[in-house]
file data_3.txt (compact mmCIF, C-alpha atoms and all ligand atoms)
# COMPACT_ATOMS: atom_id res chain seq x y z
CA MET A 286 -11.49 -44.34 -122.72
CA PRO A 287 -8.76 -46.88 -121.74
CA ALA A 288 -6.82 -45.85 -118.66
CA THR A 289 -3.43 -45.93 -120.44
CA LEU A 290 -4.59 -43.52 -123.16
CA PHE A 291 -6.10 -41.23 -120.56
CA GLU A 292 -2.86 -41.35 -118.55
CA LYS A 293 -0.82 -40.57 -121.67
CA LEU A 294 -3.10 -37.62 -122.41
CA THR A 295 -2.78 -36.35 -118.84
CA VAL A 296 1.02 -36.62 -118.94
CA THR A 297 1.19 -34.84 -122.30
CA LEU A 298 -1.10 -32.05 -121.12
CA LYS A 299 0.89 -31.72 -117.91
CA SER A 300 4.19 -31.47 -119.79
CA ILE A 301 2.71 -28.80 -122.11
CA PHE A 302 1.41 -26.91 -119.08
CA ASP A 303 4.80 -27.22 -117.31
CA LYS A 304 6.58 -25.94 -120.40
CA LEU A 305 4.23 -22.99 -120.73
CA HIS A 306 4.63 -22.24 -117.05
CA ARG A 307 8.44 -22.49 -117.27
CA ASP A 308 8.50 -20.33 -120.37
CA THR A 309 6.32 -17.61 -118.92
CA ALA A 310 7.78 -17.63 -115.42
CA MET A 311 9.22 -14.28 -114.45
CA PRO A 312 13.02 -14.46 -114.10
CA GLN A 313 14.20 -13.99 -110.49
CA GLN A 314 16.20 -10.95 -111.40
CA PRO A 315 15.67 -9.65 -114.92
CA ALA A 316 19.00 -8.70 -116.44
CA ASP A 317 18.01 -5.15 -117.38
CA PHE A 318 15.14 -2.75 -117.85
CA ASN A 319 14.43 -4.16 -121.35
CA SER A 320 13.65 -7.67 -120.15
CA TRP A 321 11.95 -6.42 -116.96
CA TYR A 322 9.65 -4.21 -119.06
CA LEU A 323 8.89 -6.97 -121.52
CA HIS A 324 7.93 -9.38 -118.73
CA ALA A 325 5.84 -6.72 -117.02
CA LYS A 326 4.03 -6.07 -120.30
CA LEU A 327 3.48 -9.68 -121.43
CA PRO A 328 -0.03 -10.06 -119.92
CA GLN A 329 -1.06 -6.72 -121.48
CA ILE A 330 0.30 -7.74 -124.89
CA ARG A 331 -1.45 -11.14 -124.61
CA TYR A 332 -4.91 -9.78 -123.73
CA ILE A 333 -4.75 -6.80 -126.07
CA ALA A 334 -3.76 -9.16 -128.91
CA LEU A 335 -6.80 -11.32 -128.09
CA VAL A 336 -9.21 -8.39 -127.92
CA THR A 337 -7.80 -6.84 -131.12
CA THR A 338 -8.15 -10.16 -132.97
CA MET A 339 -11.79 -10.43 -131.92
CA LEU A 340 -12.58 -6.81 -132.77
CA TYR A 341 -11.06 -7.16 -136.24
CA LEU A 342 -13.18 -10.25 -136.88
CA ILE A 343 -16.28 -8.30 -135.81
CA TYR A 344 -15.11 -5.36 -137.92
CA SER A 345 -14.81 -7.64 -140.92
CA VAL A 346 -18.40 -8.82 -140.47
CA ALA A 347 -19.55 -5.21 -140.05
CA GLU A 348 -17.77 -4.27 -143.28
CA TYR A 349 -19.64 -7.02 -145.06
CA HIS A 350 -22.94 -5.48 -144.03
CA VAL A 351 -21.95 -1.86 -144.71
CA LEU A 352 -20.36 -2.27 -148.13
CA PRO A 353 -22.46 -3.24 -151.12
CA ASP A 354 -19.38 -4.41 -153.08
CA TYR A 355 -17.78 -6.51 -150.35
CA HIS A 356 -14.94 -8.35 -151.99
CA VAL A 357 -13.12 -11.50 -150.97
CA LYS A 358 -9.78 -9.66 -150.78
CA ARG A 359 -11.33 -7.40 -148.11
CA PHE A 360 -12.09 -10.51 -146.08
CA LEU A 361 -8.63 -11.97 -146.71
CA LEU A 362 -6.81 -8.79 -145.66
CA HIS A 363 -9.04 -7.34 -142.94
CA GLY A 364 -10.75 -10.48 -141.76
CA MET A 365 -7.73 -12.78 -141.89
CA LEU A 366 -4.30 -11.10 -142.24
CA VAL A 367 -4.63 -8.63 -139.37
CA PRO A 368 -6.47 -11.00 -136.96
CA ALA A 369 -3.99 -13.80 -137.78
CA THR A 370 -1.05 -11.48 -137.07
CA MET A 371 -2.54 -10.42 -133.75
CA ALA A 372 -3.46 -13.98 -132.79
CA SER A 373 0.16 -14.99 -133.51
CA VAL A 374 1.35 -12.18 -131.23
CA GLY A 375 -0.88 -13.52 -128.45
CA ILE A 376 0.39 -17.08 -128.89
CA LEU A 377 4.05 -16.01 -129.05
CA THR A 378 3.78 -14.28 -125.65
CA HIS A 379 3.92 -17.81 -124.19
CA PHE A 380 7.29 -18.63 -125.75
CA PRO A 381 10.25 -16.53 -124.52
CA ARG A 382 12.47 -17.85 -127.30
CA HIS A 383 10.16 -16.15 -129.82
CA HIS A 384 9.63 -12.85 -128.03
CA ARG A 385 11.75 -11.02 -130.57
CA ALA A 386 9.49 -12.30 -133.38
CA MET A 387 6.46 -11.33 -131.26
CA LEU A 388 7.74 -7.74 -130.95
CA TRP A 389 8.39 -7.56 -134.69
CA LEU A 390 4.82 -8.68 -135.39
CA LEU A 391 3.50 -6.17 -132.88
CA VAL A 392 5.43 -3.40 -134.63
CA LEU A 393 4.32 -4.56 -138.08
CA ALA A 394 0.64 -5.27 -137.29
CA PRO A 395 -0.54 -1.62 -137.13
CA ILE A 396 1.50 -0.75 -140.24
CA ALA A 397 -0.16 -3.68 -142.02
CA ALA A 398 -3.63 -2.67 -140.76
CA ASN A 399 -3.15 0.93 -141.93
CA SER A 400 -1.71 -0.14 -145.31
CA VAL A 401 -4.67 -2.45 -145.83
CA ASN A 402 -7.05 0.34 -144.85
CA ILE A 403 -5.49 2.74 -147.38
CA TYR A 404 -5.33 0.05 -150.07
CA LEU A 405 -8.98 -0.98 -149.65
CA ASN A 406 -10.68 2.31 -148.86
CA PHE A 407 -8.68 5.22 -150.13
CA ASP A 408 -10.30 5.45 -153.55
CA ALA A 409 -13.51 3.70 -152.60
CA GLY A 410 -15.41 6.94 -151.99
CA LEU A 411 -16.18 6.01 -148.38
CA PHE A 412 -12.79 6.77 -146.91
CA SER A 413 -14.26 8.96 -144.18
CA TYR A 414 -16.11 5.87 -142.88
CA PHE A 415 -12.83 4.07 -142.40
CA SER A 416 -10.41 6.82 -141.37
CA PRO A 417 -11.22 6.52 -137.59
CA GLU A 418 -9.44 3.14 -137.65
CA ILE A 419 -6.25 5.01 -138.55
CA TYR A 420 -6.40 7.44 -135.60
CA LEU A 421 -7.30 4.64 -133.26
CA SER A 422 -4.46 2.47 -134.51
CA ILE A 423 -1.90 5.24 -133.86
CA MET A 424 -3.14 5.58 -130.27
CA TRP A 425 -3.26 1.79 -129.99
CA THR A 426 0.37 1.49 -131.12
CA PHE A 427 1.64 3.97 -128.53
CA ALA A 428 -0.54 3.49 -125.49
CA ILE A 429 -2.36 0.16 -125.72
CA SER A 430 -0.20 -2.36 -127.57
CA GLY A 431 2.38 -2.77 -124.77
CA LEU A 432 5.29 -1.78 -127.04
CA ARG A 433 8.30 0.14 -125.71
CA LEU A 434 8.30 3.83 -126.70
CA ARG A 435 11.06 3.42 -129.28
CA HIS A 436 9.34 0.45 -130.96
CA ALA A 437 5.98 2.22 -130.93
CA LEU A 438 7.62 5.32 -132.40
CA VAL A 439 9.05 3.36 -135.34
CA SER A 440 5.74 1.59 -135.92
CA ALA A 441 3.59 4.75 -135.68
CA ALA A 442 6.02 6.78 -137.84
CA CYS A 443 5.88 4.09 -140.57
CA SER A 444 2.07 4.04 -140.34
CA CYS A 445 1.95 7.83 -140.67
CA LEU A 446 4.15 7.66 -143.78
CA VAL A 447 1.97 4.98 -145.34
CA ILE A 448 -1.14 7.02 -144.52
CA SER A 449 0.10 10.50 -145.42
CA ILE A 450 1.89 9.98 -148.73
CA PRO A 451 -1.26 9.04 -150.73
CA MET A 452 -3.04 12.12 -149.28
CA PHE A 453 -0.84 14.48 -151.26
CA THR A 454 -1.69 12.84 -154.57
CA SER A 455 -5.36 12.22 -153.82
CA GLN A 456 -8.50 13.63 -155.35
CA LEU A 457 -10.03 14.04 -151.90
CA PRO A 458 -11.28 17.55 -151.00
CA ALA A 459 -8.44 19.68 -149.59
CA ALA A 460 -10.44 20.49 -146.44
CA PHE A 461 -10.94 16.76 -145.74
CA VAL A 462 -7.21 16.08 -146.25
CA GLN A 463 -6.30 18.93 -143.89
CA LEU A 464 -8.68 17.71 -141.20
CA HIS A 465 -7.54 14.14 -141.66
CA LEU A 466 -3.87 15.13 -141.26
CA MET A 467 -4.82 17.21 -138.22
CA TRP A 468 -6.50 14.19 -136.56
CA LEU A 469 -3.53 12.05 -137.51
CA PHE A 470 -1.11 14.52 -135.94
CA SER A 471 -3.29 14.75 -132.80
CA ALA A 472 -3.45 10.97 -132.44
CA PHE A 473 0.34 10.79 -132.86
CA SER A 474 0.96 13.55 -130.29
CA PHE A 475 -1.39 12.14 -127.65
CA GLY A 476 -0.08 8.64 -128.23
CA PHE A 477 3.57 9.73 -128.06
CA VAL A 478 3.07 11.69 -124.82
CA SER A 479 1.19 8.84 -123.12
CA ALA A 480 3.86 6.31 -124.17
CA LEU A 481 6.61 8.63 -122.92
CA VAL A 482 4.91 9.09 -119.53
CA LEU A 483 4.13 5.36 -119.23
CA GLU A 484 7.73 4.45 -119.95
CA LYS A 485 9.03 6.97 -117.39
CA VAL A 486 6.65 5.60 -114.76
CA HIS A 487 7.72 2.03 -115.55
CA TYR A 488 11.39 2.98 -115.35
CA ASN A 489 10.89 4.48 -111.87
CA LEU A 490 8.98 1.38 -110.82
CA TYR A 491 11.80 -0.82 -112.12
CA GLN A 492 14.42 1.16 -110.18
CA LYS A 493 12.37 1.00 -106.98
CA GLN A 494 11.84 -2.73 -107.42
CA MET A 495 15.58 -3.29 -107.93
CA GLU A 496 16.35 -1.20 -104.82
CA LEU A 497 13.85 -3.20 -102.77
CA ALA A 498 15.20 -6.50 -104.11
CA LEU A 499 18.70 -5.43 -103.07
CA LEU A 500 17.49 -4.33 -99.63
CA ALA A 501 15.65 -7.61 -99.15
CA SER A 502 18.74 -9.64 -100.01
CA ARG A 503 21.28 -7.88 -97.76
CA ASP A 504 22.02 -8.22 -94.07
CA PRO A 505 21.45 -4.64 -92.83
CA LEU A 506 24.41 -4.59 -90.40
CA THR A 507 27.20 -5.98 -92.58
CA GLN A 508 25.70 -5.53 -96.07
CA LEU A 509 26.60 -9.15 -96.81
CA TRP A 510 24.04 -11.42 -98.53
CA ASN A 511 21.38 -12.76 -96.18
CA ARG A 512 20.37 -16.44 -95.81
CA GLN A 513 17.57 -16.26 -98.39
CA LYS A 514 19.77 -14.64 -101.03
CA MET A 515 22.56 -17.14 -100.36
CA ALA A 516 20.09 -19.97 -101.04
CA THR A 517 19.17 -18.33 -104.37
CA LEU A 518 22.83 -17.79 -105.30
CA PHE A 519 23.61 -21.41 -104.39
CA THR A 520 20.84 -22.65 -106.73
CA GLN A 521 21.98 -20.34 -109.53
CA GLU A 522 25.59 -21.51 -109.18
CA LYS A 523 24.48 -25.14 -109.26
CA GLN A 524 22.48 -24.55 -112.43
CA ALA A 525 25.37 -22.70 -114.10
CA ALA A 526 27.99 -25.31 -113.16
CA ASN A 527 28.88 -28.13 -115.53
CA VAL A 528 29.08 -31.79 -114.46
CA HIS A 529 32.78 -31.66 -113.64
CA GLN A 530 32.73 -28.50 -111.55
CA ALA A 531 32.97 -28.90 -107.80
CA MET A 532 31.29 -26.59 -105.28
CA SER A 533 32.50 -25.90 -101.74
CA LEU A 534 31.29 -24.08 -98.70
CA ILE A 535 32.97 -22.56 -95.65
CA MET A 536 31.12 -21.86 -92.42
CA ILE A 537 32.83 -19.39 -90.08
CA ASP A 538 32.05 -18.44 -86.49
CA ILE A 539 33.90 -15.78 -84.50
CA ASP A 540 35.33 -17.24 -81.28
CA HIS A 541 34.10 -15.98 -77.92
CA PHE A 542 32.12 -13.20 -79.51
CA LYS A 543 29.85 -12.94 -76.50
CA SER A 544 32.77 -11.58 -74.49
CA VAL A 545 33.14 -8.70 -77.00
CA ASN A 546 29.60 -7.58 -76.27
CA ASP A 547 30.00 -8.19 -72.54
CA GLU A 548 33.32 -6.33 -72.24
CA PHE A 549 33.00 -3.55 -74.83
CA GLY A 550 29.28 -3.22 -75.47
CA HIS A 551 26.95 -4.16 -78.30
CA GLU A 552 28.02 -1.24 -80.49
CA ALA A 553 31.66 -2.34 -80.41
CA GLY A 554 30.42 -5.85 -81.26
CA ASP A 555 28.54 -4.49 -84.28
CA ILE A 556 31.68 -2.73 -85.53
CA VAL A 557 33.67 -5.96 -85.17
CA LEU A 558 31.03 -7.76 -87.25
CA GLN A 559 31.23 -5.09 -89.96
CA HIS A 560 35.05 -5.26 -90.10
CA PHE A 561 34.90 -9.04 -90.08
CA ALA A 562 32.52 -8.96 -93.07
CA ARG A 563 34.87 -6.71 -95.09
CA LEU A 564 37.82 -8.90 -94.14
CA LEU A 565 36.06 -11.97 -95.54
CA GLU A 566 35.00 -10.19 -98.74
CA ASN A 567 38.51 -8.86 -99.33
CA ASN A 568 40.08 -12.30 -99.01
CA VAL A 569 37.91 -14.30 -101.40
CA ARG A 570 37.48 -14.21 -105.18
CA LYS A 571 34.87 -12.03 -106.92
CA GLN A 572 32.85 -15.11 -107.89
CA ASP A 573 32.58 -16.35 -104.28
CA HIS A 574 29.50 -15.38 -102.28
CA VAL A 575 29.81 -14.22 -98.69
CA GLY A 576 26.75 -14.18 -96.43
CA ARG A 577 25.85 -13.63 -92.81
CA PHE A 578 23.51 -16.24 -91.40
CA GLY A 579 22.72 -14.39 -88.20
CA GLY A 580 24.71 -13.62 -85.07
CA GLU A 581 28.43 -14.05 -85.59
CA GLU A 582 28.05 -16.87 -88.13
CA PHE A 583 29.18 -16.39 -91.72
CA VAL A 584 29.00 -18.62 -94.79
CA ILE A 585 31.01 -18.52 -98.00
CA ILE A 586 29.86 -20.36 -101.14
CA LEU A 587 32.77 -21.12 -103.45
CA PRO A 588 31.61 -22.08 -106.94
CA ASN A 589 33.87 -24.20 -109.14
CA THR A 590 36.12 -24.95 -106.14
CA SER A 591 37.27 -28.33 -104.84
CA GLY A 592 37.40 -29.11 -101.11
CA GLY A 593 41.20 -28.83 -101.15
CA GLU A 594 41.07 -25.38 -102.73
CA ALA A 595 38.40 -24.29 -100.25
CA LEU A 596 40.62 -25.49 -97.40
CA THR A 597 43.45 -23.29 -98.73
CA VAL A 598 41.06 -20.32 -98.87
CA ALA A 599 39.93 -21.03 -95.28
CA HIS A 600 43.56 -21.12 -94.03
CA LYS A 601 44.24 -17.84 -95.84
CA LEU A 602 41.18 -16.33 -94.13
CA GLN A 603 42.27 -17.65 -90.76
CA GLN A 604 45.65 -15.99 -91.19
CA ALA A 605 44.05 -12.69 -92.26
CA ILE A 606 41.70 -12.76 -89.24
CA ASN A 607 44.51 -13.58 -86.81
CA GLN A 608 46.56 -10.65 -88.09
CA TYR A 609 43.74 -8.11 -88.10
CA ASP A 610 43.38 -5.47 -85.42
CA PHE A 611 39.65 -4.99 -84.84
CA PRO A 612 38.65 -1.52 -83.55
CA THR A 613 38.44 -1.34 -79.74
CA VAL A 614 38.78 -5.10 -79.20
CA GLY A 615 42.06 -5.85 -81.00
CA ARG A 616 42.79 -9.41 -82.11
CA LYS A 617 40.03 -12.01 -82.59
CA THR A 618 40.01 -15.56 -83.88
CA ALA A 619 37.45 -17.65 -85.71
CA SER A 620 36.67 -21.34 -86.24
CA MET A 621 35.75 -22.78 -89.63
CA GLY A 622 34.07 -25.84 -91.09
CA VAL A 623 34.86 -26.54 -94.75
CA THR A 624 33.02 -28.93 -97.01
CA GLU A 625 32.63 -29.87 -100.65
CA ALA A 626 29.39 -30.97 -102.37
CA VAL A 627 29.33 -34.78 -102.49
CA HIS A 628 27.49 -34.69 -105.81
CA ARG A 629 26.25 -32.11 -108.27
CA HIS A 630 22.71 -32.02 -106.91
CA GLU A 631 23.48 -31.91 -103.22
CA PRO A 632 21.21 -29.31 -101.56
CA LEU A 633 22.55 -26.36 -99.58
CA ALA A 634 20.90 -27.65 -96.37
CA THR A 635 22.97 -30.88 -96.19
CA MET A 636 26.22 -29.07 -97.04
CA MET A 637 25.43 -26.53 -94.33
CA HIS A 638 24.65 -29.27 -91.85
CA ARG A 639 28.01 -30.96 -92.54
CA ALA A 640 29.91 -27.69 -92.33
CA ASP A 641 28.09 -26.79 -89.12
CA CYS A 642 28.95 -30.13 -87.44
CA THR A 643 32.59 -29.66 -88.49
CA LEU A 644 32.59 -26.11 -87.16
CA TYR A 645 31.26 -27.45 -83.87
CA GLN A 646 34.18 -29.93 -83.76
CA ALA A 647 36.62 -27.07 -84.43
CA LYS A 648 35.14 -25.23 -81.44
CA GLU A 649 35.37 -28.38 -79.34
CA GLN A 650 39.02 -28.86 -80.28
CA GLY A 651 39.95 -25.45 -78.88
CA ARG A 652 38.77 -22.90 -81.52
CA ASN A 653 40.88 -20.82 -83.98
CA ARG A 654 41.10 -23.78 -86.33
CA VAL A 655 39.98 -24.94 -89.75
CA LEU A 656 38.51 -28.43 -90.17
CA PHE A 657 37.41 -30.26 -93.29
CA ALA A 658 34.11 -32.17 -93.12
CA ASP A 659 34.46 -35.89 -93.60
CA ILE A 660 32.76 -36.78 -96.88
CA GLY A 661 34.44 -40.16 -97.25
CA VAL A 662 37.35 -38.85 -99.37
CA SER A 663 40.27 -36.60 -98.50
CA PRO A 664 40.00 -33.07 -99.96
CA ALA A 665 41.45 -32.87 -103.50
N1 LIG A 701 26.97 -6.88 -81.31
C1 LIG A 701 26.24 -7.87 -81.82
N2 LIG A 701 26.22 -9.05 -81.19
C2 LIG A 701 25.48 -10.04 -81.71
C3 LIG A 701 24.74 -9.86 -82.90
N3 LIG A 701 24.11 -11.04 -83.18
C4 LIG A 701 24.46 -11.91 -82.20
N4 LIG A 701 25.28 -11.31 -81.31
C5 LIG A 701 25.89 -11.86 -80.10
O1 LIG A 701 26.82 -12.88 -80.46
C6 LIG A 701 27.00 -13.67 -79.27
C7 LIG A 701 27.16 -15.10 -79.70
O2 LIG A 701 27.57 -15.80 -78.58
P1 LIG A 701 27.65 -17.37 -78.48
O3 LIG A 701 26.76 -17.97 -79.55
O4 LIG A 701 27.39 -17.74 -77.07
O5 LIG A 701 29.08 -17.74 -78.87
P2 LIG A 701 30.50 -17.13 -78.58
O6 LIG A 701 30.54 -16.26 -77.37
O7 LIG A 701 30.99 -16.48 -79.83
O8 LIG A 701 31.32 -18.42 -78.28
P3 LIG A 701 31.80 -19.52 -79.29
O9 LIG A 701 31.01 -19.36 -80.55
O10 LIG A 701 31.47 -20.81 -78.60
O11 LIG A 701 33.23 -19.33 -79.48
C8 LIG A 701 25.82 -13.41 -78.38
O12 LIG A 701 26.28 -12.69 -77.25
C9 LIG A 701 24.89 -12.54 -79.20
O13 LIG A 701 24.21 -11.59 -78.43
C10 LIG A 701 24.77 -8.59 -83.52
O14 LIG A 701 24.15 -8.35 -84.56
N5 LIG A 701 25.53 -7.64 -82.96

call {"tool": "encode", "arguments": {"input": "data_3.txt", "output": "structure tokens", "more": "lines below"}}
Ligand SMILES: Nc1nc2c(ncn2[C@@H]2O[C@H](COP(=O)(O)OP(=O)(O)OP(=O)(O)O)[C@@H](O)[C@H]2O)c(=O)[nH]1
result
Amino acid sequence: MPATLFEKLTVTLKSIFDKLHRDTAMPQQPADFNSWYLHAKLPQIRYIALVTTMLYLIYSVAEYHVLPDYHVKRFLLHGMLVPATMASVGILTHFPRHHRAMLWLLVLAPIAANSVNIYLNFDAGLFSYFSPEIYLSIMWTFAISGLRLRHALVSAACSCLVISIPMFTSQLPAAFVQLHLMWLFSAFSFGFVSALVLEKVHYNLYQKQMELALLASRDPLTQLWNRQKMATLFTQEKQAANVHQAMSLIMIDIDHFKSVNDEFGHEAGDIVLQHFARLLENNVRKQDHVGRFGGEEFVIILPNTSGGEALTVAHKLQQAINQYDFPTVGRKTASMGVTEAVHRHEPLATMMHRADCTLYQAKEQGRNRVLFADIGVSPA
């Protein structure tokens, strides 16, 4: 094979793989329980869809051998419609944009399978051979498919309607109908209870995971965002911003903080840090992100903010700090380095480095001052 063709093939395959990987990647923080649950269940839905497709194909072959009057419509419905629906479900798990369609198919597949079963077998004289598929499909819908309880409930209820209505007009022996309805009711009850319990367990798991995620992203002393979370927020803000939106950053360091610990003790120092954190939070906008980067060093990310605007915010903060009476220690000051992203894709590390150097200059120049990092232009 010529190298160029091979290269083209490799690039195409890689782009398909990248797309699949992007599409199936778990979001950093799912918006709500619905999307968390769906992402948690995707592998289950994918593999169950695959196994169900294969079993229906085998079932179709088995039918061919069991039934003397095997008809082509049996093959079309049982051997093709249901497996094709389940195979589509499996494929759609890879494409988040089509997850809604995937769920619809997953809800409809058991109803279709049960309708086909009734249509093909109800009057065929061998219904008792085929009725186990019905009970199994009700359990499958609730406990195996990966559907949420409410979706499974709709699907199973529709299946039960499709299955039960013909029973009341049938010529089947009354005892058989009674037993059949009994098994149907049992399958529904067991399935419903297992789906209910599963959903409760998943909800608890979701809550615990959210609690842990919150704990892992906060600085325990001040409850501000920690360094790792600030990096995530910075990336998210960059992705959400449009080409014309600026992004700025302020780095703040309390002046002579060591003397607080030395004079008043570590506990008094901790309280100062906590008050300082609240002071920062209360003097920035809701969309700004305040974090503690260790020690007495704080960082504020200001999305959609020019360097000039960030400088104004920093001066406002400086004034608030200067006027604040910290418990035990009284007045404190802080030095700040302000910077603006030089371009849309500038990483957090280089902005931090610039702000840090500027902060160092502010300290050198006597502390309690705000300096703007030189980025080649004056702050707008
Ligand atoms: N109470 C308390 N102190 C801390 C904490 N983290 C760091 N520190 C103290 O913060 C002090 C930082 O001191 P330095 O980095 O020398 O700076 P500074 O005294 O603030 O002086 P300048 O920054 O140069 O104005 C050290 O004494 C640390 O022990 C903390 O969580 N709680």

call {"tool": "closest_residue", "arguments": {"input": "data_3.txt", "among": "A:Val598, A:Val557, A:Leu565, A:Met495", "to": "ligand LIG 701 (chain A)", "atoms": "all atoms listed in the file"}}
result
A:Val557

call {"tool": "residues_around", "arguments": {"input": "data_3.txt", "residues": "Leu388 (chain A)", "least_positions_apart": "2", "cutoff": "10 Å", "atoms": "all atoms listed in the file", "output": "tab-separated table (two decimals) with C-alpha atoms, in the coordinates of the input"}}
result
chain	number	residue	atom	x	y	z
A	323	LEU	CA	8.89	-6.97	-121.52
A	330	ILE	CA	0.30	-7.74	-124.89
A	374	VAL	CA	1.35	-12.18	-131.23
A	377	LEU	CA	4.05	-16.01	-129.05
A	378	THR	CA	3.78	-14.28	-125.65
A	383	HIS	CA	10.16	-16.15	-129.82
A	384	HIS	CA	9.63	-12.85	-128.03
A	385	ARG	CA	11.75	-11.02	-130.57
A	386	ALA	CA	9.49	-12.30	-133.38
A	390	LEU	CA	4.82	-8.68	-135.39
A	391	LEU	CA	3.50	-6.17	-132.88
A	392	VAL	CA	5.43	-3.40	-134.63
A	393	LEU	CA	4.32	-4.56	-138.08
A	394	ALA	CA	0.64	-5.27	-137.29
A	431	GLY	CA	2.38	-2.77	-124.77
A	432	LEU	CA	5.29	-1.78	-127.04
A	433	ARG	CA	8.30	0.14	-125.71
A	436	HIS	CA	9.34	0.45	-130.96

call {"tool": "closest_atom_pairs", "arguments": {"input": "data_3.txt", "of": "chain A", "to": "ligand LIG 701 (chain A)", "cutoff": "7 Å", "atoms": "all atoms listed in the file", "output": "tab-separated table"}}
result
residue	atom	partner	partner_atom	distance
A:Leu506	CA	A:LIG701	O14	7.0
A:Asp538	CA	A:LIG701	O9	6.1
A:Ile539	CA	A:LIG701	O7	5.5
A:Asp540	CA	A:LIG701	O11	3.5
A:His541	CA	A:LIG701	O6	3.6
A:Phe542	CA	A:LIG701	O7	3.5
A:Lys543	CA	A:LIG701	O6	3.5
A:Ser544	CA	A:LIG701	O6	5.9
A:Asn546	CA	A:LIG701	N1	5.7
A:His551	CA	A:LIG701	N1	4.1
A:Glu552	CA	A:LIG701	N1	5.8
A:Ala553	CA	A:LIG701	N1	6.6
A:Gly554	CA	A:LIG701	N1	3.6
A:Asp555	CA	A:LIG701	N1	4.1
A:Leu558	CA	A:LIG701	N5	7.0
A:Gly579	CA	A:LIG701	N3	6.2
A:Gly580	CA	A:LIG701	N3	3.3
A:Glu581	CA	A:LIG701	O1	5.5
A:Lys648	CA	A:LIG701	O10	6.4
A:Arg652	CA	A:LIG701	O11	6.9

call {"tool": "atom_distance", "arguments": {"input": "data_3.txt", "atom1": "CA of Arg435 (chain A)", "atom2": "CA of Ile419 (chain A)"}}
result
19.7 Å

call {"tool": "atom_distance", "arguments": {"input": "data_3.txt", "atom1": "CA of Asn489 (chain A)", "atom2": "CA of Ala428 (chain A)"}}
result
17.8 Å

call {"tool": "atom_distance", "arguments": {"input": "data_3.txt", "atom1": "CA of Tyr645 (chain A)", "atom2": "CA of Glu625 (chain A)"}}
result
17.0 Å

call {"tool": "closest_residue", "arguments": {"input": "data_3.txt", "among": "A:Met621, A:Leu361, A:Trp425, A:Asp408", "to": "Thr337 (chain A)", "atoms": "only C-alpha atoms"}}
result
A:Trp425

call {"tool": "residues_around", "arguments": {"input": "data_3.txt", "residues": "Thr590 (chain A)", "least_positions_apart": "2", "cutoff": "10 Å", "atoms": "only C-alpha atoms", "output": "PyMOL selection string"}}
result
chain A and resi 530-534+573+586-588+592-596+598+625-626+665

call {"tool": "write_last_selection", "arguments": {"input": "data_3.txt", "atoms": "C-alpha atoms", "output": "short mmCIF file (atom, residue, chain, number, x, y, z; two decimals), keeping the file's coordinate frame"}}
result
data_model
loop_
_atom_site.label_atom_id
_atom_site.label_comp_id
_atom_site.auth_asym_id
_atom_site.auth_seq_id
_atom_site.Cartn_x
_atom_site.Cartn_y
_atom_site.Cartn_z
CA GLN A 530 32.73 -28.50 -111.55
CA ALA A 531 32.97 -28.90 -107.80
CA MET A 532 31.29 -26.59 -105.28
CA SER A 533 32.50 -25.90 -101.74
CA LEU A 534 31.29 -24.08 -98.70
CA ASP A 573 32.58 -16.35 -104.28
CA ILE A 586 29.86 -20.36 -101.14
CA LEU A 587 32.77 -21.12 -103.45
CA PRO A 588 31.61 -22.08 -106.94
CA GLY A 592 37.40 -29.11 -101.11
CA GLY A 593 41.20 -28.83 -101.15
CA GLU A 594 41.07 -25.38 -102.73
CA ALA A 595 38.40 -24.29 -100.25
CA LEU A 596 40.62 -25.49 -97.40
CA VAL A 598 41.06 -20.32 -98.87
CA GLU A 625 32.63 -29.87 -100.65
CA ALA A 626 29.39 -30.97 -102.37
CA ALA A 665 41.45 -32.87 -103.50
#

call {"tool": "closest_residue", "arguments": {"input": "data_3.txt", "among": "A:Glu649, A:Asp659, A:Asp317, A:Glu582", "to": "Tyr488 (chain A)", "atoms": "only C-alpha atoms"}}
result
A:Asp317

call {"tool": "closest_atom_pairs", "arguments": {"input": "data_3.txt", "of": "region 323-428 of chain A", "to": "region 464-486 of chain A", "cutoff": "9 Å", "atoms": "only C-alpha atoms", "output": "JSON lines"}}
result
{"residue": "A:Ser413", "atom": "CA", "partner": "A:His465", "partner_atom": "CA", "distance": 8.9}
{"residue": "A:Ser416", "atom": "CA", "partner": "A:His465", "partner_atom": "CA", "distance": 7.9}
{"residue": "A:Ile419", "atom": "CA", "partner": "A:Leu469", "partner_atom": "CA", "distance": 7.6}
{"residue": "A:Tyr420", "atom": "CA", "partner": "A:Ala472", "partner_atom": "CA", "distance": 5.6}
{"residue": "A:Leu421", "atom": "CA", "partner": "A:Ala472", "partner_atom": "CA", "distance": 7.5}
{"residue": "A:Ser422", "atom": "CA", "partner": "A:Ala472", "partner_atom": "CA", "distance": 8.8}
{"residue": "A:Ile423", "atom": "CA", "partner": "A:Phe473", "partner_atom": "CA", "distance": 6.1}
{"residue": "A:Met424", "atom": "CA", "partner": "A:Gly476", "partner_atom": "CA", "distance": 4.8}
{"residue": "A:Trp425", "atom": "CA", "partner": "A:Gly476", "partner_atom": "CA", "distance": 7.8}
{"residue": "A:Thr426", "atom": "CA", "partner": "A:Gly476", "partner_atom": "CA", "distance": 7.7}
{"residue": "A:Phe427", "atom": "CA", "partner": "A:Gly476", "partner_atom": "CA", "distance": 5.0}
{"residue": "A:Ala428", "atom": "CA", "partner": "A:Ala480", "partner_atom": "CA", "distance": 5.4}

call {"tool": "closest_residue", "arguments": {"input": "data_3.txt", "among": "A:Leu411, A:Val346, A:Phe453, A:Thr338", "to": "Gly375 (chain A)", "atoms": "all atoms listed in the file"}}
result
A:Thr338
